[in-house]
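Visitor: Pasting a structure here, questions to come.
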Amino acid sequence: MSKELPKNYSAAEHEERIYRQWEESGFFNPDNLPGKRPENFSIVLPPPNATGILHLGHASMLAYQDVMARYQRLRGKKVLWLPGTDHAAIATQNVVEKKISKEENKTKEDLGREEFLRRVREFVAGSQDTIRTQVRRMGASLDWSRERYTLDEALSRTVNTVFKKMYDDELIYRGYRIVNWCPRCHSTLADDEVEYKEQKTPFYYFKYGPVIIGTARPETKFADKIIIVHPDDARYKDMIGKSFTVPWIEGEVEAVVIADASADPELGTGAMTITPAHSFVDYELAQKYDLEIVKIIDEDGNLTEVAGRFAGQNAQQARAAIVEAMSAQGLIDRIDEEYVHNLSVCYRCGTAIEPLPSRQWFVDVNKEIPGRGKSLKRLSLEAVETGLNDKKIDIMPAKFEKVYFHWMNNLHDWCISRQIWWGHRIPVWYKDKGDGEPEIFVGLKPPTGEGWRQDEDTLDTWFSSALWTFSTLLDQDHTKYDTWEEWLANSPDLKDFHPTSVMETGYDIIFFWVARMILMTTYVLAEIPFEKVYLHGLVRDKQGRKMSKSLGNGIDPIAMIDKYGADALRLSMMVGATPGNDIRLYDEKIEGYRNFVNKLWNISRYIFGRVNEIKVIDKAPPPNSIADQWILEKLNEVIEKVTGYLDSDKLDFSNAIVELYHFTWGDFADKYIERSKKEEGKDEILLFILQQLLKLWHPLTPYVTEALWGNISDKKLMIQAWPDEIKLQKTKFNGREFQDIIDMTSEINSLKAKAGIAQTKIVKATYKTEFIAEYLKILAEEARLEYVDDKQEHWTPVDVGHVLMFVDIDKQQIDQHLNREKKELQEYIKNQEKKLANKEFVANAPAAVVAKERHKLEEYQQKLNNLN
RNA sequence: GGGCAUAUAGCUCAGUUGGUUAGAGCGUUCGGUUUACAUCCGAAAGGUCCUUGGUUCGAGUCCAAGUAUGCCCACCA
């Protein structure tokens, strides 16, 4: 029975229903997939922050991952794609702090720790709901039954377990060191959480005893008493090792001159003083020479008592007064007002970072891991370089391997404690012992006994994210297990799905996240977290600008889904995208793919309306015309190509789409279906090709294909089998002949357009090759011409492929066109003859190439003859 | 300062290991269309493949230098 579909595909009418059916089917959960599935395929979703709403970055990531998941599912693998969200410590705390400040004019201290955390939890629950709904709208085939959250009990236990393990292995230590401090967030930041912003600030040159020193930050200079000069600098050679009494901001100081190669003789006066407490470079020098580290700015950004009369003032704001005071003392040599330098700022709130010494928890990346013979750094490098247990991480595109190695090689110890409330509380307890250092307890639960207090700080959010590939796969019913080993051994998902198959994420978080997952996982499990890293680019606007609130050029993916449908949005984000390169997105592009989705709908609409019975056709029906043969051959080509593009070692989504698009619209709809209207008995082959197409498109455009498939079968398209290459029997029908007809038709259409003829009635042909009568008849039908036996002198020759024919378009009418064509042909022939006359070409080029060139020359000559 | 990309039609992009007359989509122009789809069909115009030099019988493709744009890292006391 045939079926009548609506004229246009309306995504809004289908998507919600289809997604619900998928969820109800249970097939997002690998445990429910039908059939034997010996191979596993897994991806863990990079957890969106629990702060907010879906943006295009999420949308494109979901599109890529869903294509992989659906493709592998169709290929018969047991596919797990695991969703989740991240508590995003600083980001979330900032959002909620702002909200409370705006709505209630209160600080988090006003509320207190417990109440504030309750508010954050409430906020997170709300945004998690938003995210869940929005992720579904993209069509993402995620296993929601395994949804995780970084603050889930089992995941938190994993965090604490790993912390303790690292502490016991002495890979985590507490130390007093210089750290990046954000005075606004009132917390430390990791090195890569610091961003740089170019800024013009005055640069001051001060008279410091025998030398002139330069600085952009006079407010840090109170305690400077070490002068560094280059050992080979002739100007200062005699001063090395000597002391000077120097008049300085708060009275005289004793300055010592030290020689070190880090002083650049070319720069300024070649002499500098150092501020160990507030500069990373100076801190390292101070370590090297065992110098005193004097803290001048405190955690609130205020000057300490070292600053004398300026103590207690905000460091930044006190700068002017300090400079004025120094000016009054005649200490200023000159001021450069045009100085431009990079100011380090907090990546979350944009506040200027204050490097200062502080007691914090660190991960030691250079220390040898007990029993492993290498450091965390070494382990992380090897995972990508040579592999671990014969499994190597493959990074796509490969250029990011170099970036990874460079970053990892230069990695410093990782500061993991944060002075914020939202996050995993550091599992460390202290008990004062009267004098000196307190007793320390590290464990999963508070120690028994009196007087223990837990560390106030929380862990860097990336500490828990770094465990994501395996903390999510552990048995969540963790209370059953007393030990870590027992827990690991009884987590079947971990066995089945780890290492995960692909980590698909943006190149912008390769350091934050990808590198840290490698570091932590190789340490904790002694295996890699994923076999492949696919790094997608950023989504930008049509001008290539980053989408941002201030520019107002942001595109809301949900609005685009409402307008054009999820399938169209997915396609428009993937076409033209190659790993590691940014992609431009704009309305017209999405609209174009909306049109395509509608085309696919109408192809089906036509076929469903025309066939006698809609049914599943598994096997290719035998061809009974040259068009049939042609389309089956084309289908085979496209199956082979698309399979190759979607396979894990290629992951070329863009080319897969372009290939399918041309086959679907150009070959199938415009050529084959049009032809099939004039032939009999096409039901089965039309249905067959359509069904193969729906399967091929399904990973890319899941909604429309599933909606259409619903007219064919009760079974879900998402669990069908991926098309195999069709075994084509040799028949009397030559597909090449249909291709010739297409080329001829195109040529005749072109002539008609040039001659300004709307309709032409006749064709007469002579043939270059043996030619069946049917062939001509088809051509006449295709080009809307009438076939006659005799040609007349003034008719125009048309020469394509194996066919030469004469059309009753008067040569005079298209004289210009013909002359131009002749001229071009003569030109080609000349070039071709020249090429073939070149002995070196004939001698050096491969024989096949030379033969091809010869053949080409003959063709040109033949064509020219025919025109004359 | 160090490094990595990218540069092809008006726009967005393809272009395999060097070897047809460099392609697609959108846009533009012309023509068609009671037909599954005006979210359609047919056709055309449009290119100094950033510049210069090199390798080669042959370069959009390989090499060098330059220009432009973008990004990453380091950070200037």
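Chain labels A, B, ... are given in the sequence in which chains occur in the structure tokens; within each chain residues are numbered consecutively from 1, and ligands are likewise numbered from 1 in the order shown.
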Using only C-alpha atoms (C1' of nucleotides), select each residue of chain B with any atom at most 7 Å away from an atom of chain A, and give the selection as a VMD selection string.
Guide: chain B and resid 13 19 31 36 to 37 39 42 to 43 57 77
Visitor: Just the helix (DSSP H, G or I) stuff from segment 485-659 of chain A, please, per backbone DSSP, written as an MDAnalysis selection string.
Guide: chainID A and resid 485:489 492:497 507:524 557:564 566:574 587:610 626:646 653:659
Visitor: Which is closest to Lys197 of chain A among A:Leu343, A:Leu717, A:Val502, A:Val384, if we use only C-alpha atoms?
Guide: A:Leu343
Visitor: How far is it from atom CA of Ile227 of chain A to atom CA of Val257 of chain A, in Å with one decimal?
Guide: 4.6 Å
Visitor: Do a neighbour search on segment 4-8 of chain B at 12 Å with only C-alpha atoms (C1' of nucleotides), toss out local chain neighbours closer than 5 positions, and write the hits as a PyMOL selection string.
Guide: (chain A and resi 397-403+406+580-582) or (chain B and resi 13-15+22-23+47-51+60-61+67-73)
Visitor: Near segment 516-533 of chain A, counting only C-alpha atoms (C1' of nucleotides), which residues have an atom at most 6 Å away, once you skip same-chain residues fewer than 5 positions from it, shown as a list of chain:residue names?
Guide: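 Surrounding residues, per the criterion: A:Ser380, A:Ile393, A:Asp394, A:Ile395, A:Met396, A:Ala466, A:Pro499, A:Thr500, A:Ser501, A:Val502, A:Met503, A:Glu504.
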Visitor: My list of candidates is A:His278, A:Gln21, A:Leu285, A:Gly312. Which is closest to Asp714 of chain A when distances are computed with only C-alpha atoms?
Guide: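 Closest to Asp714 of chain A, using only C-alpha atoms: A:Gln21.
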Visitor: Select from segment 382-507 of chain A everything DSSP, run on the backbone, classes as strand (DSSP E), then give the selection as a list in words.
Guide: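 DSSP on the backbone gives strand (DSSP E) at Asp394, Ile395, Met396, Trp414, Cys415, Ser417, Arg418, Val428, Trp429, Tyr430, Lys431, Glu439, Ile440, Phe441, Val442, Arg453, Gln454, Thr458, Leu459, Thr500, Ser501, Val502, Met503, Glu504, Thr505 and Gly506 of chain A.
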Visitor: Keeping only N, CA, C and O atoms, take the residues you just selected and write them out as a short mmCIF file (atom, residue, chain, number, x, y, z; two decimals), in the first residue's frame.
Guide:
```
data_model
loop_
_atom_site.label_atom_id
_atom_site.label_comp_id
_atom_site.auth_asym_id
_atom_site.auth_seq_id
_atom_site.Cartn_x
_atom_site.Cartn_y
_atom_site.Cartn_z
N ASP A 394 46.19 8.24 20.02
CA ASP A 394 46.36 8.84 18.72
C ASP A 394 45.63 10.18 18.72
O ASP A 394 44.43 10.23 18.96
N ILE A 395 46.36 11.26 18.52
CA ILE A 395 45.73 12.57 18.55
C ILE A 395 45.46 13.08 17.13
O ILE A 395 46.34 13.06 16.28
N MET A 396 44.23 13.50 16.90
CA MET A 396 43.81 14.02 15.60
C MET A 396 43.39 15.46 15.73
O MET A 396 42.53 15.74 16.56
N TRP A 414 51.45 21.01 39.89
CA TRP A 414 50.07 21.47 39.68
C TRP A 414 49.45 21.82 41.02
O TRP A 414 49.30 20.96 41.88
N CYS A 415 49.14 23.09 41.17
CA CYS A 415 48.50 23.55 42.41
C CYS A 415 47.03 23.14 42.37
O CYS A 415 46.27 23.58 41.51
N SER A 417 44.78 23.02 45.22
CA SER A 417 43.85 23.50 46.25
C SER A 417 43.28 24.85 45.85
O SER A 417 43.97 25.69 45.28
N ARG A 418 41.99 25.01 46.10
CA ARG A 418 41.30 26.25 45.77
C ARG A 418 40.59 26.76 47.01
O ARG A 418 39.96 25.98 47.73
N VAL A 428 41.64 16.09 53.85
CA VAL A 428 42.76 16.17 54.78
C VAL A 428 42.27 16.81 56.08
O VAL A 428 41.51 17.78 56.04
N TRP A 429 42.68 16.22 57.20
CA TRP A 429 42.32 16.77 58.51
C TRP A 429 43.58 17.12 59.29
O TRP A 429 44.62 16.48 59.11
N TYR A 430 43.47 18.16 60.13
CA TYR A 430 44.63 18.61 60.90
C TYR A 430 44.29 18.58 62.40
O TYR A 430 43.14 18.80 62.79
N LYS A 431 45.32 18.31 63.19
CA LYS A 431 45.15 18.44 64.65
C LYS A 431 46.37 19.15 65.18
O LYS A 431 47.51 18.73 64.91
N GLU A 439 49.39 17.83 63.18
CA GLU A 439 49.36 16.45 62.69
C GLU A 439 48.41 16.40 61.51
O GLU A 439 47.39 17.09 61.47
N ILE A 440 48.75 15.58 60.51
CA ILE A 440 47.94 15.52 59.28
C ILE A 440 47.35 14.14 59.12
O ILE A 440 48.04 13.13 59.31
N PHE A 441 46.06 14.12 58.76
CA PHE A 441 45.42 12.85 58.44
C PHE A 441 44.79 12.96 57.06
O PHE A 441 44.06 13.90 56.76
N VAL A 442 45.10 11.98 56.21
CA VAL A 442 44.51 11.97 54.88
C VAL A 442 43.70 10.70 54.74
O VAL A 442 44.20 9.62 55.01
N ARG A 453 40.23 19.01 62.51
CA ARG A 453 39.43 19.90 61.65
C ARG A 453 39.84 19.66 60.19
O ARG A 453 41.01 19.44 59.88
N GLN A 454 38.83 19.69 59.30
CA GLN A 454 39.12 19.41 57.89
C GLN A 454 39.67 20.66 57.21
O GLN A 454 39.33 21.79 57.58
N THR A 458 38.95 23.46 48.74
CA THR A 458 38.40 22.46 47.83
C THR A 458 39.43 22.17 46.74
O THR A 458 40.40 22.91 46.59
N LEU A 459 39.14 21.13 45.96
CA LEU A 459 40.08 20.75 44.90
C LEU A 459 39.78 21.46 43.59
O LEU A 459 38.62 21.75 43.28
N THR A 500 38.26 4.23 26.75
CA THR A 500 37.20 4.62 25.83
C THR A 500 37.78 4.69 24.42
O THR A 500 38.99 4.80 24.24
N SER A 501 36.90 4.62 23.44
CA SER A 501 37.36 4.55 22.05
C SER A 501 37.85 5.90 21.56
O SER A 501 38.90 5.99 20.93
N VAL A 502 37.07 6.92 21.81
CA VAL A 502 37.40 8.25 21.29
C VAL A 502 37.13 9.29 22.36
O VAL A 502 36.14 9.20 23.08
N MET A 503 38.02 10.25 22.48
CA MET A 503 37.74 11.44 23.27
C MET A 503 37.55 12.57 22.27
O MET A 503 38.48 12.93 21.55
N GLU A 504 36.32 13.04 22.18
CA GLU A 504 36.03 14.07 21.20
C GLU A 504 35.80 15.36 21.97
O GLU A 504 34.90 15.45 22.80
N THR A 505 36.64 16.36 21.70
CA THR A 505 36.49 17.62 22.44
C THR A 505 37.16 18.75 21.68
O THR A 505 37.79 18.54 20.65
N GLY A 506 37.01 19.97 22.19
CA GLY A 506 37.58 21.13 21.51
C GLY A 506 39.07 21.25 21.79
O GLY A 506 39.54 20.89 22.86
#
```
Visitor: Can you tell me how far atom C1' of C63 of chain B sits from atom CA of Thr578 of chain A, in Å to one decimal?
Guide: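 These two atoms are separated by 25.7 Å.
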Visitor: Which residues are close to Leu473 of chain A, i.e. within 9 Å by only C-alpha atoms (C1' of nucleotides), leaving aside same-chain residues fewer than 4 positions away? Reply as a ChimeraX atom specification.
Guide: /A:82,146,468-469,491-495,497-498
Visitor: Just the selected residues (all heavy atoms), exported as a short mmCIF file (atom, residue, chain, number, x, y, z; two decimals), in the first residue's frame, please.
Guide:
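Below is the file that was written, out.cif:
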```
data_model
loop_
_atom_site.label_atom_id
_atom_site.label_comp_id
_atom_site.auth_asym_id
_atom_site.auth_seq_id
_atom_site.Cartn_x
_atom_site.Cartn_y
_atom_site.Cartn_z
N LEU A 82 28.19 8.03 27.18
CA LEU A 82 27.79 8.33 28.55
C LEU A 82 27.71 9.83 28.84
O LEU A 82 28.68 10.54 28.65
CB LEU A 82 28.80 7.65 29.50
CG LEU A 82 28.50 7.72 30.98
CD1 LEU A 82 28.95 6.43 31.65
CD2 LEU A 82 29.19 8.90 31.64
N ARG A 146 22.91 5.99 32.55
CA ARG A 146 24.24 6.05 33.17
C ARG A 146 24.71 7.48 33.39
O ARG A 146 25.91 7.74 33.49
CB ARG A 146 25.25 5.31 32.29
CG ARG A 146 25.15 3.78 32.34
CD ARG A 146 26.14 3.22 31.34
NE ARG A 146 26.42 1.80 31.48
CZ ARG A 146 25.72 0.83 30.91
NH1 ARG A 146 24.63 1.13 30.22
NH2 ARG A 146 26.08 -0.43 31.03
N TRP A 468 37.39 11.50 34.78
CA TRP A 468 36.07 11.32 34.18
C TRP A 468 35.90 10.03 33.37
O TRP A 468 34.86 9.40 33.42
CB TRP A 468 35.76 12.54 33.33
CG TRP A 468 34.38 12.64 32.77
CD1 TRP A 468 34.02 12.58 31.45
CD2 TRP A 468 33.15 12.84 33.49
NE1 TRP A 468 32.67 12.74 31.31
CE2 TRP A 468 32.10 12.90 32.54
CE3 TRP A 468 32.83 12.96 34.84
CZ2 TRP A 468 30.76 13.08 32.90
CZ3 TRP A 468 31.49 13.15 35.19
CH2 TRP A 468 30.49 13.20 34.23
N THR A 469 36.92 9.62 32.59
CA THR A 469 36.72 8.43 31.75
C THR A 469 36.51 7.17 32.57
O THR A 469 35.86 6.25 32.11
CB THR A 469 37.90 8.17 30.78
OG1 THR A 469 39.07 7.89 31.52
CG2 THR A 469 38.12 9.34 29.83
N SER A 491 33.52 -3.74 38.61
CA SER A 491 32.86 -2.74 37.77
C SER A 491 32.91 -3.19 36.32
O SER A 491 33.87 -2.94 35.62
CB SER A 491 33.56 -1.39 37.93
OG SER A 491 33.43 -0.92 39.23
N PRO A 492 31.83 -3.90 35.87
CA PRO A 492 31.86 -4.46 34.52
C PRO A 492 31.99 -3.42 33.41
O PRO A 492 32.66 -3.66 32.40
CB PRO A 492 30.51 -5.20 34.41
CG PRO A 492 29.69 -4.71 35.55
CD PRO A 492 30.59 -4.21 36.59
N ASP A 493 31.36 -2.25 33.60
CA ASP A 493 31.48 -1.21 32.58
C ASP A 493 32.93 -0.81 32.34
O ASP A 493 33.35 -0.53 31.22
CB ASP A 493 30.68 0.03 32.98
CG ASP A 493 29.20 -0.12 32.64
OD1 ASP A 493 28.85 -1.15 32.04
OD2 ASP A 493 28.42 0.78 32.99
N LEU A 494 33.66 -0.77 33.43
CA LEU A 494 35.06 -0.39 33.31
C LEU A 494 35.80 -1.40 32.44
O LEU A 494 36.61 -1.05 31.59
CB LEU A 494 35.70 -0.33 34.71
CG LEU A 494 37.10 0.28 34.79
CD1 LEU A 494 37.06 1.77 34.52
CD2 LEU A 494 37.72 0.01 36.15
N LYS A 495 35.49 -2.66 32.65
CA LYS A 495 36.12 -3.73 31.88
C LYS A 495 35.72 -3.63 30.40
O LYS A 495 36.55 -3.74 29.51
CB LYS A 495 35.69 -5.09 32.46
CG LYS A 495 36.83 -6.09 32.53
CD LYS A 495 36.45 -7.27 33.40
CE LYS A 495 36.78 -7.01 34.87
NZ LYS A 495 36.00 -7.82 35.82
N PHE A 497 34.29 -0.98 28.70
CA PHE A 497 34.33 0.28 27.95
C PHE A 497 35.55 1.15 28.19
O PHE A 497 35.63 2.27 27.69
CB PHE A 497 33.05 1.08 28.22
CG PHE A 497 31.80 0.36 27.76
CD1 PHE A 497 30.85 -0.08 28.68
CD2 PHE A 497 31.59 0.12 26.42
CE1 PHE A 497 29.71 -0.74 28.26
CE2 PHE A 497 30.45 -0.53 25.98
CZ PHE A 497 29.51 -0.97 26.90
N HIS A 498 36.48 0.67 29.00
CA HIS A 498 37.68 1.45 29.24
C HIS A 498 38.91 0.67 28.80
O HIS A 498 38.98 -0.51 29.09
CB HIS A 498 37.80 1.82 30.73
CG HIS A 498 38.65 3.03 30.98
ND1 HIS A 498 40.02 2.96 31.10
CD2 HIS A 498 38.33 4.35 31.11
CE1 HIS A 498 40.50 4.17 31.30
NE2 HIS A 498 39.50 5.03 31.31
#
```
Visitor: Show me, as a PDB file with all heavy atoms, in the first residue's frame, the residues that have an atom within 12 Å of Arg20 of chain A when counting only C-alpha atoms (C1' of nucleotides), minus same-chain residues fewer than 6 positions from it.
Guide:
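Below is the file that was written, result_31.pdb:
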```pdb
ATOM      1  N   HIS A  14       8.081  16.304  14.436  1.00  0.00           N
ATOM      2  CA  HIS A  14       8.564  14.934  14.589  1.00  0.00           C
ATOM      3  C   HIS A  14       9.581  14.734  15.702  1.00  0.00           C
ATOM      4  O   HIS A  14       9.608  13.696  16.333  1.00  0.00           O
ATOM      5  CB  HIS A  14       9.210  14.468  13.274  1.00  0.00           C
ATOM      6  CG  HIS A  14       8.244  14.420  12.127  1.00  0.00           C
ATOM      7  ND1 HIS A  14       7.427  13.341  11.908  1.00  0.00           N
ATOM      8  CD2 HIS A  14       7.966  15.318  11.163  1.00  0.00           C
ATOM      9  CE1 HIS A  14       6.685  13.571  10.826  1.00  0.00           C
ATOM     10  NE2 HIS A  14       6.998  14.773  10.359  1.00  0.00           N
ATOM     11  N   GLY A  26      14.985   1.982  24.688  1.00  0.00           N
ATOM     12  CA  GLY A  26      16.076   1.512  25.535  1.00  0.00           C
ATOM     13  C   GLY A  26      17.382   1.280  24.805  1.00  0.00           C
ATOM     14  O   GLY A  26      18.376   0.866  25.409  1.00  0.00           O
ATOM     15  N   PHE A  27      17.409   1.554  23.500  1.00  0.00           N
ATOM     16  CA  PHE A  27      18.613   1.216  22.717  1.00  0.00           C
ATOM     17  C   PHE A  27      19.792   2.164  22.924  1.00  0.00           C
ATOM     18  O   PHE A  27      20.883   1.911  22.428  1.00  0.00           O
ATOM     19  CB  PHE A  27      18.271   1.140  21.232  1.00  0.00           C
ATOM     20  CG  PHE A  27      17.317   0.029  20.898  1.00  0.00           C
ATOM     21  CD1 PHE A  27      16.291   0.224  19.990  1.00  0.00           C
ATOM     22  CD2 PHE A  27      17.456  -1.215  21.492  1.00  0.00           C
ATOM     23  CE1 PHE A  27      15.400  -0.804  19.680  1.00  0.00           C
ATOM     24  CE2 PHE A  27      16.575  -2.250  21.192  1.00  0.00           C
ATOM     25  CZ  PHE A  27      15.544  -2.038  20.281  1.00  0.00           C
ATOM     26  N   PHE A  28      19.555   3.247  23.636  1.00  0.00           N
ATOM     27  CA  PHE A  28      20.697   4.109  23.971  1.00  0.00           C
ATOM     28  C   PHE A  28      21.592   3.388  24.991  1.00  0.00           C
ATOM     29  O   PHE A  28      22.756   3.700  25.134  1.00  0.00           O
ATOM     30  CB  PHE A  28      20.225   5.430  24.589  1.00  0.00           C
ATOM     31  CG  PHE A  28      19.568   6.371  23.607  1.00  0.00           C
ATOM     32  CD1 PHE A  28      18.881   7.498  24.058  1.00  0.00           C
ATOM     33  CD2 PHE A  28      19.665   6.160  22.235  1.00  0.00           C
ATOM     34  CE1 PHE A  28      18.289   8.381  23.167  1.00  0.00           C
ATOM     35  CE2 PHE A  28      19.065   7.038  21.342  1.00  0.00           C
ATOM     36  CZ  PHE A  28      18.370   8.152  21.809  1.00  0.00           C
ATOM     37  N   THR A 133      17.540  18.698  28.832  1.00  0.00           N
ATOM     38  CA  THR A 133      16.516  18.898  27.808  1.00  0.00           C
ATOM     39  C   THR A 133      17.151  19.353  26.507  1.00  0.00           C
ATOM     40  O   THR A 133      16.802  18.878  25.418  1.00  0.00           O
ATOM     41  CB  THR A 133      15.527  19.985  28.281  1.00  0.00           C
ATOM     42  OG1 THR A 133      15.143  19.675  29.612  1.00  0.00           O
ATOM     43  CG2 THR A 133      14.324  20.050  27.382  1.00  0.00           C
ATOM     44  N   ARG A 136      19.108  16.669  24.607  1.00  0.00           N
ATOM     45  CA  ARG A 136      18.188  15.760  23.916  1.00  0.00           C
ATOM     46  C   ARG A 136      17.733  16.343  22.586  1.00  0.00           C
ATOM     47  O   ARG A 136      17.575  15.629  21.607  1.00  0.00           O
ATOM     48  CB  ARG A 136      16.967  15.482  24.799  1.00  0.00           C
ATOM     49  CG  ARG A 136      17.229  14.448  25.871  1.00  0.00           C
ATOM     50  CD  ARG A 136      15.986  14.300  26.741  1.00  0.00           C
ATOM     51  NE  ARG A 136      16.044  13.133  27.595  1.00  0.00           N
ATOM     52  CZ  ARG A 136      16.617  13.081  28.784  1.00  0.00           C
ATOM     53  NH1 ARG A 136      17.213  14.150  29.256  1.00  0.00           N
ATOM     54  NH2 ARG A 136      16.603  11.975  29.510  1.00  0.00           N
ATOM     55  N   ARG A 137      17.531  17.620  22.545  1.00  0.00           N
ATOM     56  CA  ARG A 137      17.007  18.230  21.329  1.00  0.00           C
ATOM     57  C   ARG A 137      17.956  18.082  20.143  1.00  0.00           C
ATOM     58  O   ARG A 137      17.547  18.111  18.992  1.00  0.00           O
ATOM     59  CB  ARG A 137      16.693  19.708  21.573  1.00  0.00           C
ATOM     60  CG  ARG A 137      15.567  19.849  22.568  1.00  0.00           C
ATOM     61  CD  ARG A 137      14.681  21.022  22.273  1.00  0.00           C
ATOM     62  NE  ARG A 137      14.181  21.028  20.912  1.00  0.00           N
ATOM     63  CZ  ARG A 137      13.598  22.062  20.348  1.00  0.00           C
ATOM     64  NH1 ARG A 137      13.470  23.181  21.012  1.00  0.00           N
ATOM     65  NH2 ARG A 137      13.149  21.992  19.115  1.00  0.00           N
ATOM     66  N   GLY A 139      19.335  15.453  19.420  1.00  0.00           N
ATOM     67  CA  GLY A 139      19.178  14.088  18.933  1.00  0.00           C
ATOM     68  C   GLY A 139      20.226  13.149  19.484  1.00  0.00           C
ATOM     69  O   GLY A 139      20.383  12.038  18.990  1.00  0.00           O
ATOM     70  N   ALA A 140      20.937  13.579  20.514  1.00  0.00           N
ATOM     71  CA  ALA A 140      22.070  12.824  21.036  1.00  0.00           C
ATOM     72  C   ALA A 140      21.639  11.474  21.618  1.00  0.00           C
ATOM     73  O   ALA A 140      20.801  11.419  22.513  1.00  0.00           O
ATOM     74  CB  ALA A 140      22.774  13.644  22.113  1.00  0.00           C
ATOM     75  N   SER A 141      22.243  10.398  21.123  1.00  0.00           N
ATOM     76  CA  SER A 141      21.851   9.050  21.541  1.00  0.00           C
ATOM     77  C   SER A 141      22.619   8.610  22.780  1.00  0.00           C
ATOM     78  O   SER A 141      23.342   7.625  22.776  1.00  0.00           O
ATOM     79  CB  SER A 141      22.057   8.054  20.398  1.00  0.00           C
ATOM     80  OG  SER A 141      23.390   8.048  19.949  1.00  0.00           O
ATOM     81  N   TYR A 703      16.918  12.321  12.959  1.00  0.00           N
ATOM     82  CA  TYR A 703      15.481  12.538  13.112  1.00  0.00           C
ATOM     83  C   TYR A 703      14.696  12.242  11.837  1.00  0.00           C
ATOM     84  O   TYR A 703      13.760  11.443  11.839  1.00  0.00           O
ATOM     85  CB  TYR A 703      15.201  13.979  13.547  1.00  0.00           C
ATOM     86  CG  TYR A 703      15.425  14.243  15.011  1.00  0.00           C
ATOM     87  CD1 TYR A 703      16.352  15.180  15.437  1.00  0.00           C
ATOM     88  CD2 TYR A 703      14.686  13.580  15.987  1.00  0.00           C
ATOM     89  CE1 TYR A 703      16.561  15.460  16.790  1.00  0.00           C
ATOM     90  CE2 TYR A 703      14.874  13.843  17.335  1.00  0.00           C
ATOM     91  CZ  TYR A 703      15.814  14.784  17.731  1.00  0.00           C
ATOM     92  OH  TYR A 703      16.000  15.048  19.061  1.00  0.00           O
TER      93      TYR A 703
END
```
Visitor: Report, in Å to a single decimal, how far apart atom CA of Glu781 of chain A and atom CA of Asp810 of chain A are.
Guide: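 Taking atom CA of Asp810 of chain A and atom CA of Glu781 of chain A, their separation equals 20.8 Å.
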Visitor: Near segment 27-29 of chain B, within 10 Å and counting only C-alpha atoms (C1' of nucleotides), which residues show up once chain neighbours fewer than 3 positions away are dropped, as a PyMOL selection string?
Guide: chain B and resi 10-11+44-46
